[in-house]
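model.txt, holding compact mmCIF, C-alpha atoms:
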# COMPACT_ATOMS: atom_id res chain seq x y z
CA MET A 1 0.00 0.00 0.00
CA PRO A 2 1.45 3.38 -0.99
CA CYS A 3 2.34 5.90 1.68
CA VAL A 4 -0.40 8.54 1.99
CA THR A 5 0.04 11.63 4.17
CA VAL A 6 -2.95 13.94 4.68
CA ARG A 7 -2.97 17.04 6.88
CA VAL A 8 -5.19 20.05 7.47
CA GLN A 9 -3.32 22.78 9.30
CA ALA A 10 -3.09 26.52 9.89
CA GLU A 11 0.71 26.55 9.64
CA THR A 12 2.59 26.92 6.37
CA PHE A 13 4.46 23.97 4.89
CA ASP A 14 7.96 23.44 3.51
CA VAL A 15 7.85 21.82 0.05
CA THR A 16 11.46 20.60 0.23
CA HIS A 17 10.94 19.00 3.64
CA GLU A 18 7.64 17.36 2.61
CA THR A 19 9.21 16.01 -0.59
CA ALA A 20 12.10 14.50 1.37
CA LEU A 21 9.64 12.82 3.76
CA LEU A 22 7.64 11.42 0.84
CA LEU A 23 10.74 10.01 -0.86
CA ARG A 24 12.30 8.46 2.24
CA GLY A 25 12.98 4.78 1.50
CA GLN A 26 11.42 4.86 -1.97
CA ASP A 27 14.16 3.85 -4.40
CA GLU A 28 11.69 3.05 -7.21
CA VAL A 29 10.51 6.66 -7.59
CA GLY A 30 11.42 8.27 -10.89
CA GLY A 31 9.51 11.50 -10.42
CA VAL A 32 7.35 13.61 -8.15
CA GLY A 33 4.43 15.62 -9.45
CA ALA A 34 4.02 18.73 -7.31
CA PHE A 35 1.44 21.46 -7.03
CA THR A 36 1.53 24.35 -4.60
CA GLY A 37 -1.59 26.49 -4.62
CA ILE A 38 -1.19 30.16 -3.75
CA VAL A 39 -3.89 32.63 -2.64
CA ARG A 40 -4.45 34.61 -5.81
CA GLY A 41 -5.21 38.34 -5.60
CA GLY A 42 -6.96 40.72 -7.94
CA ASP A 43 -10.08 42.88 -7.80
CA GLY A 44 -9.09 44.13 -4.34
CA LEU A 45 -8.88 40.69 -2.72
CA VAL A 46 -6.65 40.78 0.36
CA ALA A 47 -7.23 37.39 1.98
CA LEU A 48 -9.14 34.13 2.10
CA GLU A 49 -10.61 32.70 5.28
CA LEU A 50 -10.81 28.90 5.04
CA GLU A 51 -12.97 26.67 7.20
CA HIS A 52 -13.37 22.90 7.10
CA TYR A 53 -15.35 20.04 8.61
CA PRO A 54 -12.81 18.34 10.94
CA GLY A 55 -12.60 14.60 10.52
CA MET A 56 -14.77 14.56 7.41
CA THR A 57 -12.33 16.76 5.50
CA GLU A 58 -9.33 14.57 6.28
CA SER A 59 -11.33 11.45 5.47
CA MET A 60 -12.27 12.78 2.03
CA MET A 61 -8.72 13.95 1.37
CA ARG A 62 -7.45 10.45 2.22
CA ARG A 63 -10.07 8.86 -0.04
CA ILE A 64 -8.99 11.10 -2.92
CA ALA A 65 -5.30 10.33 -2.31
CA GLU A 66 -5.86 6.58 -2.07
CA SER A 67 -7.91 6.67 -5.27
CA ALA A 68 -5.09 8.52 -7.04
CA CYS A 69 -2.56 5.96 -5.79
CA ALA A 70 -4.66 3.08 -7.10
CA ARG A 71 -5.56 4.71 -10.42
CA PHE A 72 -2.08 5.95 -11.36
CA GLY A 73 0.15 3.43 -9.59
CA LEU A 74 1.63 6.04 -7.28
CA THR A 75 4.19 4.94 -4.72
CA GLY A 76 2.98 7.64 -2.34
CA CYS A 77 1.46 11.06 -1.99
CA THR A 78 1.22 13.98 0.38
CA VAL A 79 -1.72 16.37 0.60
CA ILE A 80 -1.62 19.37 2.93
CA HIS A 81 -4.40 21.96 2.97
CA ARG A 82 -4.26 25.06 5.10
CA VAL A 83 -7.13 26.65 7.01
CA GLY A 84 -7.60 29.98 8.73
CA ARG A 85 -6.96 33.44 7.32
CA LEU A 86 -4.46 33.46 4.47
CA ALA A 87 -3.29 36.68 2.82
CA VAL A 88 -2.79 37.02 -0.92
CA GLY A 89 0.47 35.34 -1.93
CA MET A 90 0.41 32.75 0.86
CA PRO A 91 0.55 29.01 0.10
CA ILE A 92 -2.81 27.30 0.58
CA VAL A 93 -2.43 23.70 -0.63
CA LEU A 94 0.35 21.23 -1.41
CA VAL A 95 -0.08 18.04 -3.43
CA LEU A 96 2.89 15.74 -4.03
CA CYS A 97 2.57 12.49 -6.01
CA ALA A 98 5.51 10.07 -6.28
CA ALA A 99 5.64 7.46 -9.02
CA ALA A 100 8.08 5.39 -11.02
CA HIS A 101 7.34 7.51 -14.10
CA ARG A 102 6.68 11.19 -14.78
CA LYS A 103 3.29 10.82 -16.46
CA ALA A 104 1.72 8.96 -13.54
CA ALA A 105 3.11 11.49 -11.04
CA LEU A 106 1.77 14.46 -13.00
CA GLU A 107 -1.62 12.91 -13.78
CA GLY A 108 -2.01 11.89 -10.13
CA THR A 109 -1.35 15.47 -9.05
CA ASP A 110 -3.87 16.86 -11.55
CA PHE A 111 -6.49 14.28 -10.53
CA MET A 112 -6.05 15.06 -6.85
CA MET A 113 -6.35 18.83 -7.31
CA ASP A 114 -9.53 18.50 -9.38
CA TRP A 115 -11.15 16.27 -6.74
CA LEU A 116 -9.95 18.41 -3.80
CA LYS A 117 -11.47 21.55 -5.33
CA THR A 118 -14.89 19.97 -5.75
CA SER A 119 -15.24 17.28 -3.07
CA ALA A 120 -13.24 18.08 0.06
CA PRO A 121 -15.43 19.98 2.54
CA PHE A 122 -13.66 23.34 2.68
CA TRP A 123 -15.40 26.70 2.67
CA LYS A 124 -13.65 29.85 1.48
CA ARG A 125 -14.65 33.40 2.28
CA GLU A 126 -12.98 36.15 0.28
CA GLU A 127 -12.03 39.38 2.06
CA PHE A 128 -11.59 42.58 0.04
CA ALA A 129 -9.73 45.83 0.74
CA ASN A 130 -13.02 47.78 0.85
CA GLY A 131 -14.26 45.64 3.78
CA ARG A 132 -16.60 43.50 1.68
CA SER A 133 -16.51 39.73 2.08
CA GLU A 134 -18.28 36.89 0.31
CA TRP A 135 -18.29 33.10 0.27
CA VAL A 136 -16.77 31.44 -2.78
CA GLN A 137 -19.43 29.54 -4.71
CA PRO A 138 -18.89 26.28 -6.63
CA ARG A 139 -17.74 26.89 -10.19
CA ALA A 140 -18.96 25.00 -13.25
CA HIS A 141 -15.46 24.79 -14.74
CA ASP A 142 -14.18 23.05 -11.57
CA ASP A 143 -17.01 20.51 -11.78
CA ALA A 144 -16.26 19.93 -15.47
CA ALA A 145 -12.56 19.37 -14.72
CA THR A 146 -13.44 16.76 -12.10
CA ALA A 147 -16.03 15.06 -14.32
CA ARG A 148 -13.37 14.17 -16.91
CA TRP A 149 -11.95 11.63 -14.43
CA GLY A 150 -15.22 9.70 -14.05
CA THR A 151 -15.91 8.35 -10.58
CA LEU A 152 -13.58 8.77 -7.63
CA GLY A 153 -13.24 5.07 -6.94
CA ALA A 154 -11.23 3.76 -3.98

Using structure tokens, write down the structure that the file contains.
Amino acid sequence: MPCVTVRVQAETFDVTHETALLLRGQDEVGGVGAFTGIVRGGDGLVALELEHYPGMTESMMRRIAESACARFGLTGCTVIHRVGRLAVGMPIVLVLCAAAHRKAALEGTDFMMDWLKTSAPFWKREEFANGRSEWVQPRAHDDAATARWGTLGA
């Protein structure tokens, strides 16, 4: 069974450290697909406030990661999602997928991000410089990206 690490945390993460942990003892790895999501600004956005459903969120993240491991033959993966108030430019999510070959590592990373965006129970509230705030609503293009993978499986 591949190594799966899932964490929800307020603290930032260190990509180099997390990659080293993922690769420890895995001689068969030929590549790591990596995605670091950053809080994107624009239109006066100054921060995101992220909330989650403890226990359920981690469970869904693990299900997504295990499905990616099974589907793409990953040797392991790490998924870290931050919560709390995050200013523009701050890292928000890290997905690392290790595999024997590049294509599997990259496809696993893409698969996991699509499913995380649409299925993990996180709620995001945007905060703007003028004091306005609003909850981020589901987006059709995110649902379409996830639909291309079929069912989650695992």

Would you list the residues near (-0.5, 17.3, 6.6) (no more than 12 Å away, in the coordinates of the file, using only C-alpha atoms) as a ChimeraX atom specification?
/A:4-15,17-18,21-22,57-58,61-62,77-83,92-96

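Straight-line separation from CA of Ala100 (chain A) to CA of Ala145 (chain A): 25.2 Å.
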
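Minimum atom-to-atom distance to Val39 (chain A), evaluated using all atoms listed in the file, belongs to A:Ala87 out of A:Ala140, A:Ala120, A:Met113, A:Ala87.
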
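Shell of Val136 (chain A) at 7 Å, with all atoms listed in the file counted and residues fewer than 6 places along the chain excluded, is A:Lys124, A:Arg125, A:Glu126.
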
What gap, in Å, lies between CA of Ser67 (chain A) and CA of Trp115 (chain A)?
10.2 Å

For CA of Arg71 (chain A) and CA of Arg139 (chain A), quote the distance in Å rounded to one decimal.
25.3 Å

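Residue nearest Glu51 (chain A) within the list A:Ala105, A:Asp114, A:Arg85, A:Ser133: A:Arg85 [criterion: smallest interatomic distance, only C-alpha atoms].
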
Any chance you could model N, CA and C atoms for region 92-120 of chain A and send them as a PDB file, in the frame of the given file?
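Everything below was put into rebuild_23.pdb:
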ATOM      1  N   ILE A  92      -1.549  27.788   0.041  1.00  0.00           N
ATOM      2  CA  ILE A  92      -2.810  27.300   0.580  1.00  0.00           C
ATOM      3  C   ILE A  92      -2.916  25.780   0.536  1.00  0.00           C
ATOM      4  N   VAL A  93      -2.318  25.146  -0.493  1.00  0.00           N
ATOM      5  CA  VAL A  93      -2.430  23.700  -0.630  1.00  0.00           C
ATOM      6  C   VAL A  93      -1.155  23.143  -1.259  1.00  0.00           C
ATOM      7  N   LEU A  94      -0.789  21.938  -0.832  1.00  0.00           N
ATOM      8  CA  LEU A  94       0.350  21.230  -1.410  1.00  0.00           C
ATOM      9  C   LEU A  94      -0.097  19.816  -1.752  1.00  0.00           C
ATOM     10  N   VAL A  95       0.156  19.413  -2.997  1.00  0.00           N
ATOM     11  CA  VAL A  95      -0.080  18.040  -3.430  1.00  0.00           C
ATOM     12  C   VAL A  95       1.214  17.530  -4.045  1.00  0.00           C
ATOM     13  N   LEU A  96       1.707  16.408  -3.516  1.00  0.00           N
ATOM     14  CA  LEU A  96       2.890  15.740  -4.030  1.00  0.00           C
ATOM     15  C   LEU A  96       2.503  14.304  -4.382  1.00  0.00           C
ATOM     16  N   CYS A  97       2.843  13.865  -5.587  1.00  0.00           N
ATOM     17  CA  CYS A  97       2.570  12.490  -6.010  1.00  0.00           C
ATOM     18  C   CYS A  97       3.864  11.872  -6.520  1.00  0.00           C
ATOM     19  N   ALA A  98       4.296  10.784  -5.886  1.00  0.00           N
ATOM     20  CA  ALA A  98       5.510  10.070  -6.280  1.00  0.00           C
ATOM     21  C   ALA A  98       5.124   8.846  -7.102  1.00  0.00           C
ATOM     22  N   ALA A  99       5.899   8.605  -8.154  1.00  0.00           N
ATOM     23  CA  ALA A  99       5.640   7.460  -9.020  1.00  0.00           C
ATOM     24  C   ALA A  99       6.940   7.044  -9.706  1.00  0.00           C
ATOM     25  N   ALA A 100       6.921   5.865 -10.282  1.00  0.00           N
ATOM     26  CA  ALA A 100       8.080   5.390 -11.020  1.00  0.00           C
ATOM     27  C   ALA A 100       8.317   6.226 -12.274  1.00  0.00           C
ATOM     28  N   HIS A 101       7.227   6.770 -12.838  1.00  0.00           N
ATOM     29  CA  HIS A 101       7.340   7.510 -14.100  1.00  0.00           C
ATOM     30  C   HIS A 101       6.642   8.856 -14.015  1.00  0.00           C
ATOM     31  N   ARG A 102       7.144   9.805 -14.771  1.00  0.00           N
ATOM     32  CA  ARG A 102       6.680  11.190 -14.780  1.00  0.00           C
ATOM     33  C   ARG A 102       5.182  11.321 -15.051  1.00  0.00           C
ATOM     34  N   LYS A 103       4.685  10.652 -16.065  1.00  0.00           N
ATOM     35  CA  LYS A 103       3.290  10.820 -16.460  1.00  0.00           C
ATOM     36  C   LYS A 103       2.332  10.471 -15.322  1.00  0.00           C
ATOM     37  N   ALA A 104       2.578   9.367 -14.653  1.00  0.00           N
ATOM     38  CA  ALA A 104       1.720   8.960 -13.540  1.00  0.00           C
ATOM     39  C   ALA A 104       1.770   9.988 -12.409  1.00  0.00           C
ATOM     40  N   ALA A 105       2.970  10.504 -12.114  1.00  0.00           N
ATOM     41  CA  ALA A 105       3.110  11.490 -11.040  1.00  0.00           C
ATOM     42  C   ALA A 105       2.345  12.771 -11.364  1.00  0.00           C
ATOM     43  N   LEU A 106       2.453  13.227 -12.609  1.00  0.00           N
ATOM     44  CA  LEU A 106       1.770  14.460 -13.000  1.00  0.00           C
ATOM     45  C   LEU A 106       0.258  14.279 -13.106  1.00  0.00           C
ATOM     46  N   GLU A 107      -0.176  13.163 -13.679  1.00  0.00           N
ATOM     47  CA  GLU A 107      -1.620  12.910 -13.780  1.00  0.00           C
ATOM     48  C   GLU A 107      -2.238  12.725 -12.387  1.00  0.00           C
ATOM     49  N   GLY A 108      -1.524  12.055 -11.493  1.00  0.00           N
ATOM     50  CA  GLY A 108      -2.010  11.890 -10.130  1.00  0.00           C
ATOM     51  C   GLY A 108      -2.206  13.220  -9.435  1.00  0.00           C
ATOM     52  N   THR A 109      -1.275  14.129  -9.644  1.00  0.00           N
ATOM     53  CA  THR A 109      -1.350  15.470  -9.050  1.00  0.00           C
ATOM     54  C   THR A 109      -2.558  16.227  -9.606  1.00  0.00           C
ATOM     55  N   ASP A 110      -2.753  16.180 -10.907  1.00  0.00           N
ATOM     56  CA  ASP A 110      -3.870  16.860 -11.550  1.00  0.00           C
ATOM     57  C   ASP A 110      -5.214  16.297 -11.059  1.00  0.00           C
ATOM     58  N   PHE A 111      -5.304  14.972 -11.023  1.00  0.00           N
ATOM     59  CA  PHE A 111      -6.490  14.280 -10.530  1.00  0.00           C
ATOM     60  C   PHE A 111      -6.824  14.722  -9.102  1.00  0.00           C
ATOM     61  N   MET A 112      -5.810  14.716  -8.245  1.00  0.00           N
ATOM     62  CA  MET A 112      -6.050  15.060  -6.850  1.00  0.00           C
ATOM     63  C   MET A 112      -6.517  16.504  -6.688  1.00  0.00           C
ATOM     64  N   MET A 113      -5.930  17.430  -7.430  1.00  0.00           N
ATOM     65  CA  MET A 113      -6.350  18.830  -7.310  1.00  0.00           C
ATOM     66  C   MET A 113      -7.788  19.015  -7.791  1.00  0.00           C
ATOM     67  N   ASP A 114      -8.150  18.372  -8.898  1.00  0.00           N
ATOM     68  CA  ASP A 114      -9.530  18.500  -9.380  1.00  0.00           C
ATOM     69  C   ASP A 114     -10.515  17.998  -8.320  1.00  0.00           C
ATOM     70  N   TRP A 115     -10.237  16.835  -7.741  1.00  0.00           N
ATOM     71  CA  TRP A 115     -11.150  16.270  -6.740  1.00  0.00           C
ATOM     72  C   TRP A 115     -11.143  17.082  -5.439  1.00  0.00           C
ATOM     73  N   LEU A 116      -9.997  17.585  -5.023  1.00  0.00           N
ATOM     74  CA  LEU A 116      -9.950  18.410  -3.800  1.00  0.00           C
ATOM     75  C   LEU A 116     -10.810  19.653  -3.957  1.00  0.00           C
ATOM     76  N   LYS A 117     -10.718  20.301  -5.120  1.00  0.00           N
ATOM     77  CA  LYS A 117     -11.470  21.550  -5.330  1.00  0.00           C
ATOM     78  C   LYS A 117     -12.972  21.339  -5.270  1.00  0.00           C
ATOM     79  N   THR A 118     -13.449  20.159  -5.656  1.00  0.00           N
ATOM     80  CA  THR A 118     -14.890  19.970  -5.750  1.00  0.00           C
ATOM     81  C   THR A 118     -15.489  19.086  -4.651  1.00  0.00           C
ATOM     82  N   SER A 119     -14.666  18.279  -3.966  1.00  0.00           N
ATOM     83  CA  SER A 119     -15.240  17.280  -3.070  1.00  0.00           C
ATOM     84  C   SER A 119     -14.796  17.356  -1.613  1.00  0.00           C
ATOM     85  N   ALA A 120     -13.677  17.974  -1.337  1.00  0.00           N
ATOM     86  CA  ALA A 120     -13.240  18.080   0.060  1.00  0.00           C
ATOM     87  C   ALA A 120     -14.020  19.213   0.728  1.00  0.00           C
TER      88      ALA A 120
END
